[in-house]
>>> print(open('model.txt').read())   # compact mmCIF, C-alpha atoms
# COMPACT_ATOMS: atom_id res chain seq x y z
CA MET Q 12 0.23 -24.05 9.23
CA LYS Q 13 -3.47 -24.85 9.19
CA SER Q 14 -6.07 -22.33 8.08
CA SER Q 15 -7.61 -22.51 11.56
CA ASP Q 16 -4.25 -21.55 13.09
CA ILE Q 17 -3.95 -18.59 10.71
CA SER Q 18 -7.48 -17.50 11.54
CA ARG Q 19 -6.80 -17.72 15.26
CA PHE Q 20 -3.56 -15.75 14.88
CA VAL Q 21 -5.30 -12.99 12.91
CA ARG Q 22 -8.32 -12.77 15.24
CA TYR Q 23 -6.74 -13.36 18.66
CA ASP Q 24 -3.04 -14.10 19.08
CA MET Q 25 -1.77 -11.15 17.03
CA TRP Q 26 -3.69 -8.72 19.24
CA ARG Q 27 -2.81 -10.28 22.62
CA ARG Q 28 0.46 -8.38 22.90
CA THR Q 29 0.69 -4.65 23.40
CA THR Q 30 3.12 -2.61 21.35
CA THR Q 31 5.54 -2.17 24.27
CA GLU Q 32 5.88 -5.95 24.74
CA PHE Q 33 7.54 -6.55 21.37
CA ASP Q 34 11.28 -7.17 21.29
CA GLY Q 35 13.09 -4.74 19.04
CA PHE Q 36 12.11 -2.26 16.37
CA PHE Q 37 11.74 -4.73 13.51
CA GLN Q 38 9.39 -7.02 15.43
CA ARG Q 39 7.24 -4.01 16.34
CA LEU Q 40 7.31 -2.83 12.73
CA GLY Q 41 6.42 -6.28 11.38
CA TYR Q 42 3.43 -6.66 13.68
CA ALA Q 43 2.32 -3.08 12.95
CA ILE Q 44 2.36 -3.77 9.19
CA ILE Q 45 0.41 -7.03 9.53
CA ARG Q 46 -2.11 -5.44 11.90
CA THR Q 47 -2.58 -2.48 9.58
CA ILE Q 48 -3.21 -4.76 6.58
CA VAL Q 49 -5.76 -6.75 8.59
CA LEU Q 50 -7.52 -3.60 9.82
CA VAL Q 51 -7.68 -2.09 6.32
CA ALA Q 52 -9.07 -5.33 4.90
CA ARG Q 53 -11.61 -5.50 7.72
CA GLY Q 54 -12.58 -1.86 7.27
CA PHE Q 55 -12.90 -2.29 3.51
CA GLY Q 56 -15.72 -4.78 4.07
CA SER Q 57 -17.36 -3.52 7.24
CA LYS Q 58 -17.44 0.12 6.15
CA ASN Q 59 -18.49 -0.61 2.54
CA LEU Q 60 -15.64 1.37 1.01
CA ASN Q 61 -16.48 0.09 -2.48
CA ASP Q 62 -20.04 1.45 -2.26
CA LYS Q 63 -18.78 4.71 -0.79
CA ALA Q 64 -16.30 5.01 -3.69
CA LYS Q 65 -19.13 4.61 -6.22
CA SER Q 66 -21.16 7.30 -4.48
CA LEU Q 67 -18.11 9.56 -4.35
CA THR Q 68 -17.51 8.96 -8.08
CA TYR Q 69 -20.91 10.35 -9.03
CA SER Q 70 -20.37 13.34 -6.72
CA LEU Q 71 -17.01 13.94 -8.40
CA ILE Q 72 -18.52 13.79 -11.90
CA PHE Q 73 -20.99 16.55 -11.05
CA ALA Q 74 -18.42 18.59 -9.13
CA VAL Q 75 -15.41 18.34 -11.45
CA VAL Q 76 -16.37 21.36 -13.59
CA PRO Q 77 -17.21 23.62 -10.60
CA ILE Q 78 -13.97 22.58 -8.87
CA LEU Q 79 -11.93 23.29 -12.00
CA ALA Q 80 -13.81 26.59 -12.34
CA MET Q 81 -12.72 27.56 -8.82
CA VAL Q 82 -9.13 26.46 -9.51
CA VAL Q 83 -9.07 28.42 -12.80
CA ALA Q 84 -10.57 31.46 -11.06
CA VAL Q 85 -7.76 31.34 -8.50
CA ALA Q 86 -5.22 30.74 -11.28
CA LYS Q 87 -6.52 33.78 -13.15
CA GLY Q 88 -5.89 35.82 -10.03
CA PHE Q 89 -2.27 34.67 -10.12
CA GLY Q 90 -2.09 34.94 -13.93
CA VAL Q 91 -1.14 31.27 -14.42
CA VAL Q 92 -4.14 29.83 -16.30
CA ASP Q 93 -1.88 28.61 -19.12
CA VAL Q 94 0.16 26.58 -16.66
CA ILE Q 95 -2.99 24.89 -15.32
CA GLU Q 96 -4.12 24.02 -18.83
CA ARG Q 97 -0.71 22.60 -19.76
CA GLN Q 98 -0.72 20.43 -16.66
CA LEU Q 99 -4.21 19.14 -17.50
CA ASN Q 100 -3.05 18.27 -21.02
CA ALA Q 101 -0.08 16.41 -19.55
CA SER Q 102 -2.35 14.36 -17.28
CA PHE Q 103 -4.70 11.47 -18.02
CA LEU Q 104 -7.44 13.92 -19.06
CA GLY Q 105 -5.20 15.18 -21.86
CA GLU Q 106 -5.16 11.72 -23.43
CA THR Q 107 -8.96 11.72 -23.57
CA ASN Q 108 -8.95 14.96 -25.64
CA MET Q 109 -11.47 16.35 -23.17
CA VAL Q 110 -9.39 19.25 -21.84
CA PRO Q 111 -10.57 21.81 -24.48
CA THR Q 112 -14.19 20.83 -23.84
CA ILE Q 113 -13.70 21.03 -20.07
CA MET Q 114 -12.01 24.43 -20.31
CA GLN Q 115 -14.88 25.73 -22.47
CA MET Q 116 -17.35 24.47 -19.86
CA VAL Q 117 -15.29 26.14 -17.13
CA ASP Q 118 -15.29 29.46 -19.02
CA ARG Q 119 -19.07 29.25 -19.48
CA TYR Q 120 -19.48 28.33 -15.82
CA LEU Q 121 -17.44 31.34 -14.71
CA SER Q 122 -19.36 33.62 -17.09
CA THR Q 123 -22.65 32.33 -15.68
CA ALA Q 124 -21.41 32.84 -12.14
CA GLN Q 125 -20.44 36.44 -12.90
CA GLY Q 126 -23.63 37.30 -14.77
CA GLY Q 127 -26.45 35.37 -13.17
CA VAL Q 128 -30.08 36.46 -13.57
CA PHE Q 129 -30.08 37.41 -9.91
CA VAL Q 130 -27.05 39.15 -8.47
CA GLY Q 131 -24.57 36.57 -7.19
CA ILE Q 132 -26.84 33.56 -7.86
CA GLY Q 133 -24.34 32.00 -10.27
CA LEU Q 134 -21.52 32.35 -7.76
CA ILE Q 135 -23.69 30.80 -5.05
CA VAL Q 136 -24.48 27.80 -7.25
CA LEU Q 137 -20.78 27.35 -8.05
CA LEU Q 138 -19.75 27.56 -4.39
CA TRP Q 139 -22.53 25.20 -3.35
CA ALA Q 140 -21.48 22.56 -5.90
CA VAL Q 141 -17.89 22.67 -4.63
CA TYR Q 142 -18.98 22.72 -0.99
CA SER Q 143 -21.30 19.73 -1.44
CA PHE Q 144 -18.55 17.61 -2.96
CA PHE Q 145 -16.01 18.37 -0.25
CA GLN Q 146 -18.66 17.81 2.41
CA SER Q 147 -19.41 14.36 1.00
CA VAL Q 148 -15.67 13.57 1.09
CA GLU Q 149 -15.44 14.79 4.69
CA THR Q 150 -18.49 12.73 5.68
CA ALA Q 151 -16.89 9.61 4.19
CA PHE Q 152 -13.60 10.33 6.01
CA ASN Q 153 -15.38 10.98 9.32
CA LYS Q 154 -17.21 7.65 9.08
CA ILE Q 155 -13.90 5.89 8.48
CA TRP Q 156 -12.43 7.64 11.54
CA ASN Q 157 -15.62 7.02 13.60
CA VAL Q 158 -15.99 10.78 14.10
CA GLN Q 159 -19.59 11.60 15.01
CA LYS Q 160 -19.50 15.39 14.61
CA SER Q 161 -18.52 17.35 11.49
CA ARG Q 162 -16.86 20.74 11.47
CA SER Q 163 -18.89 23.90 11.68
CA VAL Q 164 -19.98 25.33 8.32
CA LEU Q 165 -17.56 28.26 8.69
CA HIS Q 166 -14.66 25.91 9.45
CA GLN Q 167 -15.61 23.72 6.48
CA VAL Q 168 -15.73 26.66 4.07
CA THR Q 169 -12.35 28.03 5.17
CA THR Q 170 -10.73 24.58 4.92
CA TYR Q 171 -12.15 23.89 1.46
CA ILE Q 172 -11.13 27.32 0.15
CA ALA Q 173 -7.60 26.76 1.47
CA ILE Q 174 -7.44 23.44 -0.41
CA LEU Q 175 -8.64 25.05 -3.64
CA VAL Q 176 -6.06 27.82 -3.32
CA LEU Q 177 -3.24 25.36 -2.62
CA ILE Q 178 -4.00 23.17 -5.66
CA PRO Q 179 -3.01 25.78 -8.31
CA VAL Q 180 -0.09 26.89 -6.14
CA LEU Q 181 1.25 23.32 -6.07
CA ILE Q 182 0.69 22.93 -9.82
CA VAL Q 183 2.53 26.17 -10.57
CA CYS Q 184 5.37 25.20 -8.21
CA SER Q 185 5.69 21.80 -9.85
CA ALA Q 186 5.73 23.42 -13.29
CA GLY Q 187 8.37 25.90 -12.14
CA ILE Q 188 10.56 23.16 -10.68
CA SER Q 189 10.13 21.14 -13.88
CA ILE Q 190 11.26 24.10 -15.99
CA PHE Q 191 14.22 24.66 -13.68
CA LEU Q 192 15.24 21.00 -13.91
CA HIS Q 193 14.90 21.11 -17.69
CA ALA Q 194 17.04 24.22 -17.97
CA THR Q 195 19.63 22.84 -15.57
CA MET Q 196 19.87 19.50 -17.30
CA SER Q 197 20.02 21.19 -20.71
CA GLY Q 198 23.03 23.18 -19.57
CA LEU Q 199 24.82 20.31 -17.85
CA LEU Q 200 24.05 17.51 -20.29
CA SER Q 201 23.77 19.27 -23.63
CA GLU Q 202 26.55 17.16 -25.14
CA ASP Q 203 24.64 13.91 -24.61
CA GLY Q 204 21.03 14.26 -25.70
CA SER Q 205 19.95 10.76 -24.68
CA LEU Q 206 21.32 11.22 -21.19
CA HIS Q 207 19.62 14.58 -20.97
CA GLU Q 208 16.31 13.06 -22.00
CA PHE Q 209 16.68 10.31 -19.40
CA PHE Q 210 17.36 12.74 -16.54
CA HIS Q 211 14.71 15.17 -17.69
CA ASN Q 212 11.96 12.55 -17.96
CA GLY Q 213 13.02 10.91 -14.71
CA GLY Q 214 13.02 14.23 -12.88
CA ALA Q 215 9.59 15.15 -14.25
CA THR Q 216 8.15 11.76 -13.24
CA THR Q 217 9.65 12.01 -9.75
CA LEU Q 218 8.20 15.49 -9.43
CA GLN Q 219 4.74 14.25 -10.41
CA PHE Q 220 4.95 11.52 -7.78
CA GLY Q 221 6.13 14.06 -5.19
CA ILE Q 222 3.20 16.37 -5.88
CA CYS Q 223 0.78 13.45 -5.55
CA TRP Q 224 2.37 12.45 -2.26
CA LEU Q 225 1.91 15.99 -0.93
CA LEU Q 226 -1.71 16.22 -2.12
CA PHE Q 227 -2.75 12.86 -0.67
CA THR Q 228 -0.91 13.45 2.61
CA GLY Q 229 -2.44 16.92 3.00
CA MET Q 230 -5.89 15.52 2.23
CA TYR Q 231 -5.59 12.83 4.92
CA ILE Q 232 -4.52 15.45 7.47
CA ALA Q 233 -6.93 18.28 6.61
CA ILE Q 234 -10.24 16.61 5.76
CA PRO Q 235 -11.12 14.38 8.77
CA ASN Q 236 -12.55 16.31 11.71
CA THR Q 237 -9.95 14.90 14.08
CA LYS Q 238 -6.25 15.26 14.77
CA VAL Q 239 -4.29 13.09 12.35
CA HIS Q 240 -0.60 12.54 13.05
CA PHE Q 241 1.74 13.43 10.21
CA LEU Q 242 3.27 9.95 9.92
CA SER Q 243 -0.20 8.36 9.91
CA ALA Q 244 -1.06 10.52 6.88
CA LEU Q 245 2.34 10.40 5.15
CA ILE Q 246 2.54 6.60 4.79
CA PRO Q 247 -0.84 6.18 3.03
CA GLY Q 248 -0.19 9.47 1.21
CA VAL Q 249 2.96 8.06 -0.40
CA ILE Q 250 1.44 4.63 -1.11
CA MET Q 251 -1.88 5.88 -2.52
CA GLY Q 252 -0.24 8.79 -4.35
CA SER Q 253 2.08 6.32 -6.09
CA LEU Q 254 -0.80 3.97 -6.93
CA PHE Q 255 -2.73 6.95 -8.31
CA GLN Q 256 0.15 7.74 -10.67
CA VAL Q 257 0.35 4.08 -11.72
CA LEU Q 258 -3.40 4.04 -12.32
CA GLN Q 259 -3.09 7.19 -14.43
CA MET Q 260 -0.26 5.68 -16.49
CA LEU Q 261 -2.27 2.50 -17.02
CA SER Q 262 -5.31 4.50 -18.15
CA VAL Q 263 -3.19 6.51 -20.59
CA TYR Q 264 -1.80 3.24 -22.00
CA LEU Q 265 -5.31 1.78 -22.42
CA ILE Q 266 -6.55 4.88 -24.23
CA ALA Q 267 -3.52 4.90 -26.51
CA MET Q 268 -4.01 1.20 -27.27
CA LEU Q 269 -7.71 1.71 -28.03
CA GLY Q 270 -6.84 4.62 -30.30
CA ARG Q 271 -4.59 2.32 -32.36
CA THR Q 272 -6.87 -0.73 -32.46
CA SER Q 273 -10.36 0.76 -32.67
CA ILE Q 274 -11.52 2.91 -35.55
CA VAL Q 275 -15.24 3.19 -34.86
CA TYR Q 276 -15.53 3.12 -31.06
CA GLY Q 277 -12.14 4.49 -30.06
CA ALA Q 278 -13.41 7.91 -28.97
CA PHE Q 279 -16.45 6.49 -27.14
CA ALA Q 280 -14.28 3.88 -25.41
CA THR Q 281 -12.57 6.64 -23.41
CA ILE Q 282 -15.81 7.34 -21.50
CA PRO Q 283 -15.96 4.03 -19.57
CA ILE Q 284 -12.20 4.27 -18.98
CA LEU Q 285 -12.68 7.76 -17.58
CA MET Q 286 -15.52 6.55 -15.33
CA THR Q 287 -13.44 3.58 -14.17
CA TRP Q 288 -10.48 5.89 -13.52
CA LEU Q 289 -12.64 8.18 -11.38
CA GLN Q 290 -14.09 5.25 -9.42
CA TYR Q 291 -10.73 3.66 -8.69
CA THR Q 292 -9.30 7.05 -7.79
CA SER Q 293 -12.12 7.49 -5.25
CA LEU Q 294 -11.48 3.97 -3.95
CA LEU Q 295 -7.74 4.67 -3.55
CA ILE Q 296 -8.56 7.84 -1.60
CA LEU Q 297 -10.89 5.98 0.79
CA ILE Q 298 -8.53 3.03 1.26
CA GLY Q 299 -5.78 5.52 2.09
CA ALA Q 300 -8.04 7.15 4.69
CA GLU Q 301 -8.75 3.71 6.19
CA MET Q 302 -5.01 2.99 6.25
CA SER Q 303 -4.35 6.31 7.98
CA TYR Q 304 -6.95 5.44 10.62
CA ALA Q 305 -5.50 1.93 11.09
CA ILE Q 306 -1.92 3.21 11.51
CA GLN Q 307 -2.87 5.84 14.07
CA ASN Q 308 -5.26 3.59 16.03
CA ASN Q 309 -3.33 0.33 15.82
CA GLU Q 310 -3.13 0.05 19.61
CA GLU Q 311 -6.88 0.57 19.99
CA PHE Q 312 -7.54 -2.96 18.67
CA GLU Q 313 -5.28 -4.82 21.10
CA TYR Q 314 -7.19 -7.56 22.96
CA GLU Q 315 -10.27 -6.52 20.97
CA GLU Q 316 -12.03 -9.91 20.99
CA ASP Q 317 -11.13 -10.51 24.65
CA LEU Q 318 -12.52 -7.12 25.69
CA LYS Q 319 -15.86 -7.98 24.10
CA LYS Q 320 -16.14 -11.02 26.41
CA MET Q 321 -14.58 -9.41 29.48
CA SER Q 322 -16.32 -10.17 32.77
CA ARG Q 323 -17.69 -7.41 34.95
CA ARG Q 324 -15.52 -8.55 37.89
CA TYR Q 325 -12.27 -8.40 35.91
CA LYS Q 326 -13.17 -4.98 34.56
CA ASP Q 327 -13.84 -3.68 38.08
CA PHE Q 328 -10.54 -5.19 39.24
CA ILE Q 329 -8.51 -3.33 36.56
CA MET Q 330 -10.44 -0.12 37.24
CA LEU Q 331 -9.64 -0.28 40.98
CA TYR Q 332 -6.02 -1.15 40.19
CA LEU Q 333 -5.64 1.92 37.94
CA LEU Q 334 -7.27 4.09 40.60
CA SER Q 335 -4.89 2.76 43.26
CA ILE Q 336 -1.88 3.74 41.13
CA ILE Q 337 -3.25 7.25 40.56
CA VAL Q 338 -4.05 7.72 44.28
CA ARG Q 339 -0.66 6.46 45.48
CA ARG Q 340 1.21 8.72 43.05
CA PHE Q 341 -0.93 11.68 44.14
CA GLU Q 342 -0.24 11.05 47.82
CA ALA Q 343 3.49 10.64 47.11
CA ASP Q 344 3.43 13.98 45.22
CA GLU Q 345 4.61 12.29 42.02
CA ALA Q 346 3.77 13.53 38.52
CA PRO Q 347 0.37 12.34 37.26
CA LEU Q 348 0.31 9.86 34.39
CA THR Q 349 -1.47 9.93 31.05
CA ALA Q 350 -3.69 7.09 29.84
CA HIS Q 351 -0.93 5.94 27.51
CA GLU Q 352 1.63 5.89 30.32
CA LEU Q 353 -0.73 3.89 32.53
CA ALA Q 354 -1.28 1.42 29.70
CA ILE Q 355 2.46 1.00 29.04
CA ARG Q 356 3.21 0.54 32.74
CA ASP Q 357 1.39 -2.81 32.95
CA TYR Q 358 1.00 -3.73 29.26
CA LEU Q 359 -2.71 -2.96 29.30
CA PRO Q 360 -4.78 -2.35 26.13
CA ILE Q 361 -5.15 1.41 25.67
CA ARG Q 362 -8.81 1.11 24.67
CA LEU Q 363 -9.70 -0.46 28.04
CA VAL Q 364 -7.64 2.10 29.97
CA ASN Q 365 -9.33 5.00 28.17
CA GLN Q 366 -12.76 3.48 28.78
CA LEU Q 367 -12.22 2.91 32.50
CA LEU Q 368 -10.59 6.30 33.11
CA GLY Q 369 -13.41 8.00 31.21
CA ARG Q 370 -16.03 6.31 33.39
CA MET Q 371 -14.25 7.40 36.57
CA VAL Q 372 -14.07 10.97 35.27
CA GLU Q 373 -17.79 10.94 34.44
CA THR Q 374 -18.68 9.72 37.93
CA GLY Q 375 -16.54 12.38 39.65
CA ILE Q 376 -13.87 10.01 41.00
CA LEU Q 377 -11.06 11.36 38.81
CA ARG Q 378 -10.39 14.66 37.10
CA GLU Q 379 -8.44 15.43 33.95
CA VAL Q 380 -5.41 17.68 34.38
CA TYR Q 381 -3.06 19.14 31.78
CA VAL Q 382 0.48 19.47 33.12
CA GLU Q 383 3.50 21.17 31.63
CA GLY Q 384 5.65 18.96 29.44
CA LYS Q 385 2.87 16.54 28.47
CA GLU Q 386 0.65 17.01 25.44
CA GLU Q 387 -1.98 14.51 26.60
CA LYS Q 388 -4.23 14.96 29.62
CA THR Q 389 -3.27 13.30 32.90
CA TYR Q 390 -5.44 11.98 35.72
CA GLN Q 391 -5.68 12.87 39.42
CA PRO Q 392 -8.20 12.08 42.18
CA ALA Q 393 -11.21 14.38 42.26
CA LEU Q 394 -12.04 13.50 45.89
CA ASP Q 395 -10.27 13.33 49.23
CA THR Q 396 -8.15 10.19 48.87
CA HIS Q 397 -8.90 9.18 52.48
CA LYS Q 398 -12.59 8.93 51.61
CA ILE Q 399 -12.28 6.88 48.45
CA THR Q 400 -13.30 3.29 49.23
CA CYS Q 401 -13.59 0.34 46.89
CA GLY Q 402 -17.30 0.01 47.71
CA MET Q 403 -17.94 3.68 46.95
CA VAL Q 404 -16.14 3.44 43.60
CA VAL Q 405 -18.03 0.31 42.52
CA GLU Q 406 -21.32 1.83 43.69
CA ARG Q 407 -20.76 4.99 41.64
CA ILE Q 408 -19.88 2.98 38.57
CA GLU Q 409 -22.87 0.67 39.02
CA SER Q 410 -25.30 3.56 39.44
CA GLN Q 411 -23.97 5.54 36.50
CA GLY Q 412 -26.66 6.08 33.89
CA THR Q 413 -30.44 6.34 33.98
CA GLU Q 414 -32.64 4.38 36.39
CA LEU Q 415 -36.36 4.04 37.11
CA PHE Q 416 -37.28 5.00 33.56
CA LEU Q 417 -40.12 2.44 33.23
CA GLN Q 418 -43.46 4.21 32.92
CA ASN Q 419 -45.65 1.56 34.58
CA PRO Q 420 -43.65 -0.67 36.94
CA SER Q 421 -45.71 -3.09 38.97
CA PRO Q 422 -45.98 -2.62 42.78
CA GLU Q 423 -44.09 -5.88 43.22
CA MET Q 424 -41.20 -4.56 41.12
CA GLN Q 425 -41.13 -1.28 43.07
CA ASP Q 426 -40.95 -3.14 46.39
CA PHE Q 427 -38.19 -5.37 45.05
CA TRP Q 428 -36.18 -2.26 44.01
CA LYS Q 429 -36.53 -0.69 47.47
CA ARG Q 430 -35.33 -3.86 49.22
CA TYR Q 431 -32.42 -4.16 46.80
CA ILE Q 432 -31.28 -0.56 47.38
CA GLN Q 433 -31.63 -0.96 51.16
CA ILE Q 434 -29.41 -4.03 51.14
CA LYS Q 435 -26.77 -2.13 49.16
CA LYS Q 436 -26.91 0.76 51.62
CA ASP Q 437 -26.53 -1.59 54.59
CA ASN Q 438 -23.34 -2.98 52.98
CA GLN Q 439 -24.75 -6.48 52.96
CA THR Q 440 -23.37 -8.85 50.38
CA LEU Q 441 -25.96 -10.22 48.04
CA ASP Q 442 -24.50 -13.71 48.28
CA GLN Q 443 -25.76 -13.87 51.87
CA ILE Q 444 -29.37 -13.46 50.76
CA LEU Q 445 -31.35 -16.04 48.88
CA ILE Q 446 -33.07 -14.69 45.82
CA ASN Q 447 -36.48 -15.79 47.09
CA GLN Q 448 -35.84 -13.78 50.28
CA LEU Q 449 -35.11 -10.49 48.58
>>> encode(input="model.txt", output="structure tokens")
Amino acid sequence: MKSSDISRFVRYDMWRRTTTEFDGFFQRLGYAIIRTIVLVARGFGSKNLNDKAKSLTYSLIFAVVPILAMVVAVAKGFGVVDVIERQLNASFLGETNMVPTIMQMVDRYLSTAQGGVFVGIGLIVLLWAVYSFFQSVETAFNKIWNVQKSRSVLHQVTTYIAILVLIPVLIVCSAGISIFLHATMSGLLSEDGSLHEFFHNGGATTLQFGICWLLFTGMYIAIPNTKVHFLSALIPGVIMGSLFQVLQMLSVYLIAMLGRTSIVYGAFATIPILMTWLQYTSLLILIGAEMSYAIQNNEEFEYEEDLKKMSRRYKDFIMLYLLSIIVRRFEADEAPLTAHELAIRDYLPIRLVNQLLGRMVETGILREVYVEGKEEKTYQPALDTHKITCGMVVERIESQGTELFLQNPSPEMQDFWKRYIQIKKDNQTLDQILINQL
């Protein structure tokens, strides 16, 4: 296959079939995987995920101590600070020998927050540092999801606090399950120590992966200011959570190798590894968010290149066709359809259907109705169906938006506008009038 054929398939042919047109589950799944890979690769470049990851890395460096301070403060409330510290020592940070230093910084940070010069000023600074980091993460996620509006400040604060409370809870639960597995395996496999060690280590590793999967999946659901389907978050959550664990293992191996081979610069060599680990962690998080967006909005990119070049006449034709279906079903007293059902009915791209239905709602031709048994909104006529004409619909669509906004139109232009509007009102077709006669 030529490179030009591959390029054409990726840009056009792959998107010229709607999801409902595929034969069988595996063909649908195969196309969905290829489309998702293409969309993630496209989003990686167009949305500058690498630059966003670098920016997020610096935000994380400044926020890591305040975040840990909040987690430790919550852990102190539950009386499980020792468990948090043990988990940190078991992670990549433990290999860098930075956990004691970090915990000392956290203790000083909490002391400062409790005894600021002004009452509560230390606590405010701590909360602001944590809030700023999570807000930067949410902003990055919203840009990936093309969400224009962020949550309200109150909603942001409650969401971020919930995340910080859940982190120590998950850590404690994982530690508890690990202890339970260890005790169970010790009792069942005490006669064979090697077998016990194998099951114990395997169970602990599986548990670590499981916790990562939960954290990444929850992050992809909770942080964007839009509704994210569970499956759209679970798939990248499992993939990126696994890659995060692999990255952590690789970093631990590099630090251990440097500790054996370098005498002078071994300790300092952990700093660039730590920075690289943070950057690639941020990049994995953002790529996972892009993957989540691509999985959930796969259908939105069907016929994408064709829609960009779509003629006005063909767009009006599909709009009138959709309206005719809605009107006929309304007059026959049949259940109204959702945008997705209308798209499936004639294998239409969902993006075009949503766009055309939205324009007809804005111009007062259709109205959105929520009916029992359907989670999505449906569409019904907003006018007397016996008064809806094709000319009236096209006229409303054509006149939608602002007009006559020029500050200093010439008299000749004003006269031309009046003649043009009069011709439209008289239902004359413009092809009957020469341009030099208008």
>>> atom_distance(input="model.txt", atom1="atom CA of Q:Ile355", atom2="atom CA of Q:Met330")
15.3 Å
>>> atom_distance(input="model.txt", atom1="atom CA of Q:Ser66", atom2="atom CA of Q:Pro283")
16.3 Å
>>> residues_around(input="model.txt", residues="Q:Thr47", least_positions_apart="2", cutoff="7 Å", atoms="only C-alpha atoms", output="list in words")
Ala43, Ile44, Ile45, Val49, Leu50, Val51, Met302, Ala305, Ile306 and Asn309 of chain Q
>>> closest_atom_pairs(input="model.txt", of="stretch 273-352 of chain Q", to="stretch 230-252 of chain Q", cutoff="6 Å", atoms="only C-alpha atoms", output="Markdown table")
| residue | atom | partner | partner_atom | distance |
| --- | --- | --- | --- | --- |
| Q:Gly299 | CA | Q:Pro247 | CA | 5.1 |
| Q:Ser303 | CA | Q:Ser243 | CA | 5.0 |
| Q:Ile306 | CA | Q:Ser243 | CA | 5.7 |
| Q:Gln307 | CA | Q:Ser243 | CA | 5.5 |
>>> write_last_selection(input="model.txt", atoms="C-alpha atoms", output="compact mmCIF listing (two decimals), keeping the file's coordinate frame")
# COMPACT_ATOMS: atom_id res chain seq x y z
CA GLY Q 299 -5.78 5.52 2.09
CA SER Q 303 -4.35 6.31 7.98
CA ILE Q 306 -1.92 3.21 11.51
CA GLN Q 307 -2.87 5.84 14.07
>>> atom_distance(input="model.txt", atom1="atom CA of Q:Thr396", atom2="atom CA of Q:Leu333")
13.9 Å
>>> residues_around(input="model.txt", residues="Q:Ala74", least_positions_apart="3", cutoff="8 Å", atoms="all atoms listed in the file", output="list of chain:residue names")
Q:Ser70, Q:Leu71, Q:Pro77, Q:Ile78, Q:Ala140, Q:Val141, Q:Phe144
>>> closest_residue(input="model.txt", among="Q:Leu177, Q:Leu289, Q:Val263, Q:Trp156", to="Q:Leu225", atoms="only C-alpha atoms")
Q:Leu177
>>> closest_residue(input="model.txt", among="Q:Leu261, Q:Ala354, Q:Leu254, Q:Leu359", to="Q:Leu318", atoms="all atoms listed in the file")
Q:Leu359
>>> closest_residue(input="model.txt", among="Q:Pro360, Q:Gly56, Q:Pro420, Q:Gly384", to="Q:Ala346", atoms="only C-alpha atoms")
Q:Gly384
>>> closest_residue(input="model.txt", among="Q:Leu415, Q:Val176, Q:Ile434, Q:Leu394", to="Q:Val83", atoms="all atoms listed in the file")
Q:Val176
>>> residues_around(input="model.txt", residues="Q:Lys154", least_positions_apart="2", cutoff="12 Å", atoms="all atoms listed in the file", output="list in words")
Gly54, Ser57, Lys58, Asn59, Leu60, Lys63, Ser147, Val148, Glu149, Thr150, Ala151, Phe152, Trp156, Asn157, Val158, Gln159, Lys160, Ser161, Ile234, Pro235, Asn236, Thr237, Leu297, Ala300, Glu301 and Tyr304 of chain Q
>>> closest_residue(input="model.txt", among="Q:Ile361, Q:Ile298, Q:Leu334, Q:Leu377", to="Q:Ile155", atoms="all atoms listed in the file")
Q:Ile298
>>> residues_around(input="model.txt", residues="Q:Arg370", least_positions_apart="3", cutoff="12 Å", atoms="only C-alpha atoms", output="PyMOL selection string")
chain Q and resi 326-327+330-331+334+363-367+373-379+404-405+407-412
